[in-house]
Every structure is written in structure tokens, then in C-alpha cells.
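Participant: File follows, work_13.txt with compact mmCIF, C-alpha atoms and all ligand atoms:
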```txt
# COMPACT_ATOMS: atom_id res chain seq x y z
CA MET A 1 1.82 2.06 13.33
CA LYS A 2 2.58 -0.67 15.88
CA MET A 3 2.66 -4.45 15.86
CA ILE A 4 1.47 -5.89 19.15
CA PHE A 5 2.43 -9.46 20.00
CA ALA A 6 0.35 -10.65 22.95
CA ILE A 7 0.70 -14.06 24.56
CA VAL A 8 -2.54 -14.96 26.30
CA ARG A 9 -4.05 -18.06 27.84
CA LYS A 10 -6.08 -20.28 25.53
CA GLU A 11 -9.07 -19.79 27.83
CA ASP A 12 -8.95 -16.00 27.36
CA GLU A 13 -8.12 -15.85 23.66
CA GLY A 14 -11.73 -16.06 22.38
CA PHE A 15 -12.92 -13.18 24.57
CA VAL A 16 -10.01 -10.96 23.52
CA ILE A 17 -10.54 -11.65 19.82
CA GLU A 18 -14.29 -11.00 20.10
CA ARG A 19 -13.66 -7.63 21.77
CA LEU A 20 -11.02 -6.66 19.17
CA ASN A 21 -13.40 -7.56 16.35
CA LYS A 22 -16.09 -5.34 17.90
CA GLU A 23 -13.61 -2.46 17.84
CA LYS A 24 -12.79 -3.31 14.19
CA ILE A 25 -9.19 -4.10 15.14
CA SER A 26 -7.65 -6.86 13.03
CA VAL A 27 -5.93 -9.78 14.72
CA THR A 28 -4.15 -12.97 13.72
CA LYS A 29 -4.04 -15.83 16.18
CA LEU A 30 -1.10 -18.24 16.33
CA SER A 31 -1.33 -21.35 18.46
CA SER A 32 1.74 -21.41 20.69
CA THR A 33 3.19 -23.23 23.69
CA GLY A 34 4.77 -21.72 26.80
CA GLY A 35 8.35 -22.83 27.22
CA PHE A 36 8.05 -23.23 30.99
CA LEU A 37 4.65 -24.83 31.65
CA ARG A 38 4.61 -26.46 28.17
CA LYS A 39 0.91 -25.64 27.95
CA GLY A 40 -0.86 -24.37 24.89
CA ASN A 41 -1.40 -20.65 24.79
CA ALA A 42 -2.17 -18.20 22.01
CA THR A 43 -0.01 -15.51 20.46
CA LEU A 44 -2.06 -12.69 19.01
CA MET A 45 -0.54 -10.49 16.29
CA ILE A 46 -2.28 -7.14 16.13
CA GLY A 47 -1.16 -4.54 13.61
CA THR A 48 -2.76 -1.27 14.59
CA GLU A 49 -2.52 2.50 14.49
CA ASP A 50 -0.74 4.14 17.44
CA GLU A 51 -3.99 5.67 18.70
CA GLN A 52 -5.56 2.22 19.09
CA VAL A 53 -2.78 0.74 21.23
CA ASP A 54 -4.39 1.86 24.51
CA THR A 55 -7.71 0.30 23.48
CA VAL A 56 -5.96 -3.01 22.77
CA LEU A 57 -4.16 -2.93 26.13
CA GLN A 58 -7.40 -2.09 27.97
CA ILE A 59 -9.15 -5.05 26.33
CA MET A 60 -6.30 -7.35 27.40
CA LYS A 61 -6.49 -6.04 30.96
CA GLU A 62 -10.22 -6.65 31.11
CA GLU A 63 -10.28 -10.08 29.48
CA CYS A 64 -7.07 -11.73 30.73
CA SER A 65 -6.98 -12.36 34.44
CA ARG A 66 -3.94 -13.69 36.29
CA ARG A 67 -4.32 -17.07 37.96
CA GLN A 68 -2.14 -19.52 39.81
CA GLU A 69 -1.14 -22.67 37.97
CA VAL A 70 0.49 -25.78 39.34
CA MET A 71 3.25 -27.46 37.39
CA ILE A 72 4.29 -30.99 38.28
CA SER A 73 7.96 -31.57 37.58
CA PRO A 74 10.00 -34.71 38.15
CA THR A 75 12.79 -34.39 40.74
CA TYR A 76 15.99 -35.92 39.42
CA SER A 77 18.63 -37.34 41.71
CA ALA A 78 22.25 -37.20 40.60
CA SER A 79 22.23 -40.92 39.76
CA SER A 80 19.01 -40.74 37.74
CA ARG A 81 19.91 -37.52 35.94
CA ASP A 82 19.72 -39.04 32.50
CA SER A 83 16.85 -41.32 33.30
CA VAL A 84 13.28 -40.68 32.16
CA MET A 85 12.12 -42.22 35.47
CA GLY A 86 12.61 -39.16 37.66
CA TYR A 87 10.68 -39.83 40.90
CA PRO A 88 9.32 -38.46 43.13
CA SER A 89 7.71 -35.51 41.40
CA SER A 90 7.42 -32.05 42.91
CA GLN A 91 4.90 -29.28 42.43
CA ILE A 92 5.69 -25.70 41.51
CA THR A 93 3.00 -23.03 41.72
CA VAL A 94 3.41 -20.12 39.33
CA GLU A 95 1.40 -17.01 38.58
CA ALA A 96 0.30 -17.26 34.97
CA GLY A 97 -2.23 -15.67 32.73
CA GLY A 98 -2.70 -12.02 32.22
CA ALA A 99 -1.10 -11.11 28.95
CA THR A 100 2.56 -10.84 28.02
CA VAL A 101 2.69 -8.02 25.51
CA PHE A 102 5.45 -6.84 23.15
CA ILE A 103 4.86 -3.65 21.17
CA VAL A 104 7.12 -2.91 18.22
CA ASN A 105 7.22 -0.14 15.65
CA VAL A 106 6.14 -1.10 12.15
CA GLU A 107 8.35 0.32 9.40
CA GLN A 108 5.99 -0.45 6.54
CA PHE A 109 2.53 -1.96 6.20
CA ILE A 110 1.71 -3.20 2.71
CA LYS A 111 -1.20 -5.28 1.45
CA LEU A 112 -0.52 -6.68 -2.02
P1 LIG B 201 5.35 -20.23 30.09
O1 LIG B 201 6.73 -20.13 29.58
O2 LIG B 201 4.71 -21.58 30.09
O3 LIG B 201 5.32 -19.63 31.58
C1 LIG B 201 4.18 -19.70 32.42
C2 LIG B 201 4.41 -18.98 33.73
O4 LIG B 201 5.44 -19.66 34.45
C3 LIG B 201 4.91 -17.55 33.56
O5 LIG B 201 3.79 -16.70 33.45
C4 LIG B 201 5.72 -17.33 34.83
O6 LIG B 201 4.86 -16.99 35.92
C5 LIG B 201 6.27 -18.71 35.12
N1 LIG B 201 7.64 -18.89 34.61
C6 LIG B 201 8.06 -18.81 33.33
N2 LIG B 201 9.36 -19.08 33.23
C7 LIG B 201 9.78 -19.35 34.49
C8 LIG B 201 11.03 -19.71 35.06
N3 LIG B 201 12.12 -19.85 34.29
N4 LIG B 201 11.09 -19.89 36.41
C9 LIG B 201 9.99 -19.76 37.18
N5 LIG B 201 8.77 -19.44 36.71
C10 LIG B 201 8.67 -19.22 35.39
P2 LIG B 201 3.88 -15.40 32.52
O7 LIG B 201 5.11 -14.60 32.85
O8 LIG B 201 2.56 -14.70 32.64
O9 LIG B 201 4.07 -15.92 31.02
C11 LIG B 201 3.01 -16.54 30.31
C12 LIG B 201 3.55 -17.03 28.97
O10 LIG B 201 3.97 -15.90 28.20
C13 LIG B 201 4.77 -17.94 29.05
O11 LIG B 201 4.37 -19.29 29.26
C14 LIG B 201 5.42 -17.73 27.69
O12 LIG B 201 4.72 -18.49 26.70
C15 LIG B 201 5.13 -16.26 27.42
N6 LIG B 201 6.23 -15.37 27.83
C16 LIG B 201 6.40 -14.76 29.02
N7 LIG B 201 7.48 -13.98 29.01
C17 LIG B 201 8.02 -14.09 27.79
C18 LIG B 201 9.18 -13.54 27.16
N8 LIG B 201 10.00 -12.68 27.80
N9 LIG B 201 9.45 -13.89 25.88
C19 LIG B 201 8.66 -14.74 25.22
N10 LIG B 201 7.54 -15.31 25.75
C20 LIG B 201 7.23 -14.99 27.02
```
Please lay out the structure from this file as C-alpha cells.
Facilitator:
Amino acid sequence: MKMIFAIVRKEDEGFVIERLNKEKISVTKLSSTGGFLRKGNATLMIGTEDEQVDTVLQIMKEECSRRQEVMISPTYSASSRDSVMGYPSSQITVEAGGATVFIVNVEQFIKL
């Protein structure tokens, strides 16, 4: 058995969960925040049999598309390093979305 941790965009989470439910694959959704963009995303915990892992990955591929996102970050000068007034701001474009997936072996699965 495997535990799949998948970090997906908030916009994609509903579609992924709906597809997993249709396949009778259980999922727990945790609301999370990306450390870089500081935007809300969702972490899905999916405990599943080894044979179902490919199905889960296929669903993620189909429902989570990669997109470009723009992050506005303040530019700090040496003198204003500790200041909250860091002007002017600069834009960084990053590729985000898709799904970031970790798959780990499950030693035991017990429902009490
Ligand atoms: P964030 O940390 O908000 O990152 C959003 C996107 O920003 C990333 O997309 C990546 O394209 C870019 N990015 C992240 N850190 C960066 C950095 N230090 N410098 C430049 N660009 C950077 P994804 O790679 O698709 O990641 C989407 C979300 O998945 C991340 O949101 C984070 O919540 C999670 N994630 C990604 N890799 C992870 C990892 N190794 N461990 C834990 N969580 C991870």
C-alpha cells in the first residue's frame, strides 16, 4: 500500500477529488500554503493500493495543468533591509500548478 501526498492548486482540487471519488479512491484534503508564492493550495492525502497508484497519477495529469504565475516581491536596498517599506517592487514569473507528488510506502493501515 502507498500513501500519496499531492500538492495541487486550489482551482484544480475539486476536479481531482471528484475524479478520485468516481474511482472509489479515498482522499483527505488539507488546506495548505506554498512557501514561495504564499498562496493557498491543497495537499491531498491518498492512501491506496499499489495497483491504483497509476490511476491516481493519471487523474492528476489530466486535471492539473501547469500555468505561469506572477509573484510581486518588494526589492530591498541595503539601507532598507529591515524596513517593511521595500520599494520599488519587482515581478517574478514562475511556472506553477501541475501537481507535486510524493509517494511513500505504508507500513500498516489500521481502521479502529
Ligand atoms: P510554492 O512554494 O508557493 O511554489 C510555487 C512555484 O514557485 C513552484 O511551483 C515553483 O515553480 C516556484 N518556486 C518555488 N520555490 C522557488 C524558489 N525557491 N525559487 C524560484 N522559484 C520557486 P511548483 O514546483 O509546481 O510547486 C507548487 C507547490 O508545491 C509549492 O508552492 C509548494 O507548496 C509545493 N512544493 C513544491 N515542491 C515541494 C517540495 N519539494 N516539498 C514540499 N512542497 C513542495
Participant: Which distance in Å separates CA of Arg9 (chain A) and CA of Asn41 (chain A), to one decimal?
Facilitator: 4.8 Å
Participant: Just the number, please: distance in Å from CA of Phe109 (chain A) to CA of Lys24 (chain A), one decimal.
Facilitator: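 Answer for the CA of Phe109 (chain A) to CA of Lys24 (chain A) separation: 17.3 Å.
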Participant: I'd like the neighbourhood of region 30-34 of chain A as a PDB file with C-alpha atoms, in the frame of the given file, where a residue qualifies if any of its atoms comes within 9 Å (using only C-alpha atoms), though same-chain residues fewer than 6 positions away should be ignored.
Facilitator:
```pdb
ATOM      1  CA  ILE A   7       0.700 -14.060  24.560  1.00  0.00           C
ATOM      2  CA  LYS A  10      -6.080 -20.280  25.530  1.00  0.00           C
ATOM      3  CA  GLY A  40      -0.860 -24.370  24.890  1.00  0.00           C
ATOM      4  CA  ASN A  41      -1.400 -20.650  24.790  1.00  0.00           C
ATOM      5  CA  ALA A  42      -2.170 -18.200  22.010  1.00  0.00           C
ATOM      6  CA  THR A  43      -0.010 -15.510  20.460  1.00  0.00           C
ATOM      7  CA  LEU A  44      -2.060 -12.690  19.010  1.00  0.00           C
ATOM      8  CA  MET A  45      -0.540 -10.490  16.290  1.00  0.00           C
TER       9      MET A  45
END
```
Participant: Determine, counting only C-alpha atoms, which protein, DNA and RNA residues have an atom within 10 Å of an atom of region 100-106 of chain A; residues of the same chain fewer than 3 positions away are not included. Present the result as an mmCIF file with C-alpha atoms, in the coordinates of the input.
Facilitator:
```
data_model
loop_
_atom_site.group_PDB
_atom_site.id
_atom_site.type_symbol
_atom_site.label_atom_id
_atom_site.label_comp_id
_atom_site.auth_asym_id
_atom_site.auth_seq_id
_atom_site.Cartn_x
_atom_site.Cartn_y
_atom_site.Cartn_z
ATOM 1 C CA MET A 1 1.820 2.060 13.330
ATOM 2 C CA LYS A 2 2.580 -0.670 15.880
ATOM 3 C CA MET A 3 2.660 -4.450 15.860
ATOM 4 C CA ILE A 4 1.470 -5.890 19.150
ATOM 5 C CA PHE A 5 2.430 -9.460 20.000
ATOM 6 C CA ALA A 6 0.350 -10.650 22.950
ATOM 7 C CA ILE A 7 0.700 -14.060 24.560
ATOM 8 C CA VAL A 8 -2.540 -14.960 26.300
ATOM 9 C CA ARG A 9 -4.050 -18.060 27.840
ATOM 10 C CA THR A 43 -0.010 -15.510 20.460
ATOM 11 C CA LEU A 44 -2.060 -12.690 19.010
ATOM 12 C CA MET A 45 -0.540 -10.490 16.290
ATOM 13 C CA ILE A 46 -2.280 -7.140 16.130
ATOM 14 C CA GLY A 47 -1.160 -4.540 13.610
ATOM 15 C CA THR A 48 -2.760 -1.270 14.590
ATOM 16 C CA GLU A 49 -2.520 2.500 14.490
ATOM 17 C CA ASP A 50 -0.740 4.140 17.440
ATOM 18 C CA VAL A 53 -2.780 0.740 21.230
ATOM 19 C CA LEU A 57 -4.160 -2.930 26.130
ATOM 20 C CA MET A 60 -6.300 -7.350 27.400
ATOM 21 C CA ALA A 96 0.300 -17.260 34.970
ATOM 22 C CA GLY A 97 -2.230 -15.670 32.730
ATOM 23 C CA PHE A 109 2.530 -1.960 6.200
#
```
Participant: In Å, with one decimal, what is the gap from atom N8 of ligand LIG 201 (chain B) to CA of Arg38 (chain A)?
Facilitator: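 For atom N8 of ligand LIG 201 (chain B) relative to CA of Arg38 (chain A), the distance reads 14.8 Å.
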Participant: Adding 3 Å on each side of the box along x, y and z that holds all listed atoms of ligand LIG 201 (chain B), could you give its centre and edge lengths in Å to one decimal, as JSON?
Facilitator:
```
{"center_x": 7.3, "center_y": -17.1, "center_z": 31.2, "size_x": 15.6, "size_y": 14.9, "size_z": 18.0}
```
Participant: Select, from A:Val56, A:Ile17, A:Ile110, A:Ile92, the residue with the minimum atom-to-atom distance to ligand LIG 201 (chain B), counting only C-alpha atoms and all ligand atoms.
Facilitator: A:Ile92
Participant: Find, counting all atoms listed in the file, the residue in A:Leu37, A:Lys61, A:Glu69, A:Glu107 that gets nearest to ligand LIG 201 (chain B).
Facilitator: A:Leu37
Participant: Pick out the closest residue to Ala99 (chain A) from this set: A:Leu112, A:Val16, A:Val70, A:Ile25. Count all atoms listed in the file.
Facilitator: A:Val16
